[in-house]
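Colleague: I'd like to ask you about the structure that follows.
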Amino acid sequence: MTAEARALRPGELVAELQINAVLGRNSRDVSYLVTDPALGTQFVLREYLPSALVRRDERNTLIPVDGPSLQLFNNGLKSFLDEARLAATLDHPNLARVLRYFETNGTAYFLMPYYKGETLKAKLGSGDKLDREQAKALLLPLMDGLAQLHASGIIHQAICPSNIMLEDNQNPVLLDFRQAAGISGDSSLEQAMEASACTAPEQLDNQGSVGPWTDIYAFAACLYEATRGEAPPSASRRSAAVAQGEPDPLAPISSLDDSARLGALGDTIDQGLLLDFQQRPKEIGRAHV
């Protein structure tokens with residue numbers, strides 16, 4: 001058993017796709033830059049690779065390391081394919097697409113367009129803040145994409161700066177549909193949700209009512225950070241303070257000295273960040289921005 005099953009190497013082939021480079025890796029999967037030689041076009045290929053559960057043999061097949069790992073691997077494989085199937089139903093320029101998915105090498109893969117650019121998280125990490133017009137350019141296309149998503153009965157549930165890709169032409173694309181596909185049971189994911197400034201309070205409650213208003217909260221949190229330069233306090237921190245009779249630690253944009261620079265957009269963000277989901281907008285619409 002190796003400490004970590006290796007990723008595929010540049011030059012190796014998967015279903016006639018040539019691996020160019022590893023773009024990213026986490027405990028569940030790895031993303032590759034690949035080329036389809038027949039088209040001469042680059043894509044992103046994601047491979048289900050839970051490194052703690054498997055080893056890769058000389059034929060590039062993934063093999064669970066023991067019996068308990070086999071069961072966990074199979075459960076995760078199903079979830080991975082569930083995410084691919086859901087994303088493959090989407091067709092919107094601001095929602096990440098899955099072009100096809102397949103199984104080989106004892107695991108599963110899905111093929112996506114190669115979105116060239118940087119995430120909103122990376123952009124904000126460089127110290128950038130968005131002005132009103134830049135925020136509108138982010139807001140309006142994603143609102144349209146979310147409206148289509150919600151009309152299909154799908155709630156994203158993981159909107160955050162790291163899941164918003166800004167293409168080189170600044171077109172925003174929403175990534176990562178794991179939670180929308182109902183994938184749960186990942187303790188690292190649950191811990192990240194607890195700490196995330198974009199997680200709505202109802203997501204932290206097993207009895208919480210999740211709906212379009214949940215994505216509205218997350219999107220408002222992204223816009224708060226993008227325009228203020230700092231993330232809002234997490235919902236868990238805010239809820240705990242209010243429950244103890246203390247003031248909500250969130251400083252509404254409307255209360256800040258330079259709030260006028262955002263105009264009505266500031267009010268839209270504040271409304272989206274209300275702790276009580278019943279007081280938030282119930283559906284995505286063309287907000288007054």
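Residues in the structure tokens are numbered from 1 in each chain, the chains being A, B, ... in the order shown, and ligands are numbered from 1 in the order shown.
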I want to know what sits within 7 Å of region 115-129 of chain A, based on only C-alpha atoms, with residues of the same chain fewer than 3 positions away left out; could you give that as number ranges by chain?
Modeller: A: 161-168, 226-229
Colleague: Running DSSP on the backbone, which parts of region 33-133 of chain A land in strand (DSSP E), as a PyMOL selection string?
Modeller: chain A and resi 33-36+41-48+54-56+62-64+100-104+107-113+117-119
Colleague: Could you pull the residues within 7 Å of region 208-215 of chain A, counting only C-alpha atoms, minus those fewer than 6 positions along the same chain, as a list in words?
Modeller: His150, Ile155, His156, Gln157, Ile159, Ala200, Glu202, Phe277, Arg280, Pro281, Lys282 and Glu283 of chain A
Colleague: List every residue of region 58-88 of chain A that has an atom at most 7 Å from any atom of region 40-53 of chain A, giving for each one its closest atom pair and the distance in Å to one decimal, counting only C-alpha atoms, sorted by chain and then by ascending residue number, as CSV.
Modeller:
residue,atom,partner,partner_atom,distance
A:Pro64,CA,A:Leu53,CA,5.6
A:Val65,CA,A:Leu53,CA,5.9
A:Ser69,CA,A:Leu53,CA,5.2
A:Phe73,CA,A:Leu53,CA,6.6
A:Leu77,CA,A:Tyr48,CA,6.8
A:Phe80,CA,A:Tyr48,CA,6.8
Colleague: Could you pull the residues within 10 Å of Leu139 (chain A), counting only C-alpha atoms, minus those fewer than 3 positions along the same chain, as a ChimeraX atom specification?
Modeller: /A:133-136,142-144,172,219-220,222-223,265,286-287,289
Colleague: Would you put the residues from that selection into a file with N, CA, C and O atoms, as a PDB file, in the first residue's frame?
Modeller:
ATOM      1  N   GLU A 133     -19.874  48.411 -11.009  1.00  0.00           N
ATOM      2  CA  GLU A 133     -20.038  47.893 -12.368  1.00  0.00           C
ATOM      3  C   GLU A 133     -19.415  46.512 -12.512  1.00  0.00           C
ATOM      4  O   GLU A 133     -19.963  45.638 -13.191  1.00  0.00           O
ATOM      5  N   GLN A 134     -18.264  46.297 -11.888  1.00  0.00           N
ATOM      6  CA  GLN A 134     -17.638  44.977 -11.935  1.00  0.00           C
ATOM      7  C   GLN A 134     -18.499  43.941 -11.204  1.00  0.00           C
ATOM      8  O   GLN A 134     -18.625  42.799 -11.656  1.00  0.00           O
ATOM      9  N   ALA A 135     -19.064  44.344 -10.077  1.00  0.00           N
ATOM     10  CA  ALA A 135     -19.919  43.432  -9.318  1.00  0.00           C
ATOM     11  C   ALA A 135     -21.169  43.081 -10.120  1.00  0.00           C
ATOM     12  O   ALA A 135     -21.633  41.931 -10.103  1.00  0.00           O
ATOM     13  N   LYS A 136     -21.734  44.042 -10.830  1.00  0.00           N
ATOM     14  CA  LYS A 136     -22.898  43.780 -11.676  1.00  0.00           C
ATOM     15  C   LYS A 136     -22.539  42.798 -12.794  1.00  0.00           C
ATOM     16  O   LYS A 136     -23.339  41.916 -13.141  1.00  0.00           O
ATOM     17  N   LEU A 142     -24.539  35.284 -13.496  1.00  0.00           N
ATOM     18  CA  LEU A 142     -24.716  34.165 -12.571  1.00  0.00           C
ATOM     19  C   LEU A 142     -26.155  34.076 -12.075  1.00  0.00           C
ATOM     20  O   LEU A 142     -26.666  32.977 -11.821  1.00  0.00           O
ATOM     21  N   MET A 143     -26.821  35.222 -11.920  1.00  0.00           N
ATOM     22  CA  MET A 143     -28.235  35.196 -11.573  1.00  0.00           C
ATOM     23  C   MET A 143     -29.034  34.455 -12.638  1.00  0.00           C
ATOM     24  O   MET A 143     -29.925  33.652 -12.327  1.00  0.00           O
ATOM     25  N   ASP A 144     -28.699  34.687 -13.892  1.00  0.00           N
ATOM     26  CA  ASP A 144     -29.402  34.033 -14.984  1.00  0.00           C
ATOM     27  C   ASP A 144     -29.148  32.523 -14.957  1.00  0.00           C
ATOM     28  O   ASP A 144     -30.074  31.720 -15.131  1.00  0.00           O
ATOM     29  N   PRO A 172     -18.236  34.828 -15.932  1.00  0.00           N
ATOM     30  CA  PRO A 172     -18.181  33.989 -14.738  1.00  0.00           C
ATOM     31  C   PRO A 172     -18.851  32.637 -14.969  1.00  0.00           C
ATOM     32  O   PRO A 172     -19.899  32.554 -15.620  1.00  0.00           O
ATOM     33  N   PHE A 219     -24.437  33.591  -2.512  1.00  0.00           N
ATOM     34  CA  PHE A 219     -24.054  34.547  -3.548  1.00  0.00           C
ATOM     35  C   PHE A 219     -23.869  35.935  -2.945  1.00  0.00           C
ATOM     36  O   PHE A 219     -22.927  36.665  -3.280  1.00  0.00           O
ATOM     37  N   ALA A 220     -24.743  36.313  -2.014  1.00  0.00           N
ATOM     38  CA  ALA A 220     -24.603  37.605  -1.336  1.00  0.00           C
ATOM     39  C   ALA A 220     -23.300  37.664  -0.556  1.00  0.00           C
ATOM     40  O   ALA A 220     -22.630  38.706  -0.511  1.00  0.00           O
ATOM     41  N   CYS A 222     -20.537  36.075  -1.313  1.00  0.00           N
ATOM     42  CA  CYS A 222     -19.473  36.275  -2.305  1.00  0.00           C
ATOM     43  C   CYS A 222     -19.359  37.739  -2.698  1.00  0.00           C
ATOM     44  O   CYS A 222     -18.253  38.297  -2.787  1.00  0.00           O
ATOM     45  N   LEU A 223     -20.502  38.366  -2.947  1.00  0.00           N
ATOM     46  CA  LEU A 223     -20.499  39.770  -3.361  1.00  0.00           C
ATOM     47  C   LEU A 223     -20.025  40.680  -2.229  1.00  0.00           C
ATOM     48  O   LEU A 223     -19.351  41.690  -2.476  1.00  0.00           O
ATOM     49  N   LEU A 265     -27.056  48.031  -5.019  1.00  0.00           N
ATOM     50  CA  LEU A 265     -26.426  46.719  -4.894  1.00  0.00           C
ATOM     51  C   LEU A 265     -26.134  46.395  -3.430  1.00  0.00           C
ATOM     52  O   LEU A 265     -26.266  45.245  -3.003  1.00  0.00           O
ATOM     53  N   ARG A 286     -33.995  39.560 -11.296  1.00  0.00           N
ATOM     54  CA  ARG A 286     -33.106  40.672 -11.641  1.00  0.00           C
ATOM     55  C   ARG A 286     -33.178  41.720 -10.531  1.00  0.00           C
ATOM     56  O   ARG A 286     -34.079  42.547 -10.490  1.00  0.00           O
ATOM     57  N   ALA A 287     -32.226  41.630  -9.651  1.00  0.00           N
ATOM     58  CA  ALA A 287     -32.198  42.506  -8.487  1.00  0.00           C
ATOM     59  C   ALA A 287     -31.975  43.952  -8.905  1.00  0.00           C
ATOM     60  O   ALA A 287     -31.462  44.247  -9.984  1.00  0.00           O
ATOM     61  N   VAL A 289     -29.844  46.657  -8.908  1.00  0.00           N
ATOM     62  CA  VAL A 289     -28.424  46.858  -8.686  1.00  0.00           C
ATOM     63  C   VAL A 289     -27.919  48.117  -9.397  1.00  0.00           C
ATOM     64  O   VAL A 289     -26.764  48.429  -9.329  1.00  0.00           O
TER      65      VAL A 289
END
Colleague: Any idea what the distance is between CA of Leu13 (chain A) and CA of Thr35 (chain A)?
Modeller: 9.6 Å
Colleague: Please report the interatomic distance between CA of Leu140 (chain A) and CA of Leu111 (chain A) in Å with one decimal.
Modeller: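 Interatomic distance, CA of Leu140 (chain A) to CA of Leu111 (chain A): 27.1 Å.
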Colleague: CA of Ile154 (chain A) and CA of Ser236 (chain A) are how many Å apart?
Modeller: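 We find that CA of Ile154 (chain A) and CA of Ser236 (chain A) lie 24.1 Å from each other.
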Colleague: Skipping near chain neighbours, those fewer than 6 positions away, what residues fall within 12 Å of Arg55 (chain A) using only C-alpha atoms, listed as a ChimeraX atom specification?
Modeller: /A:1-7,49,61-66,69-70,73,105-107
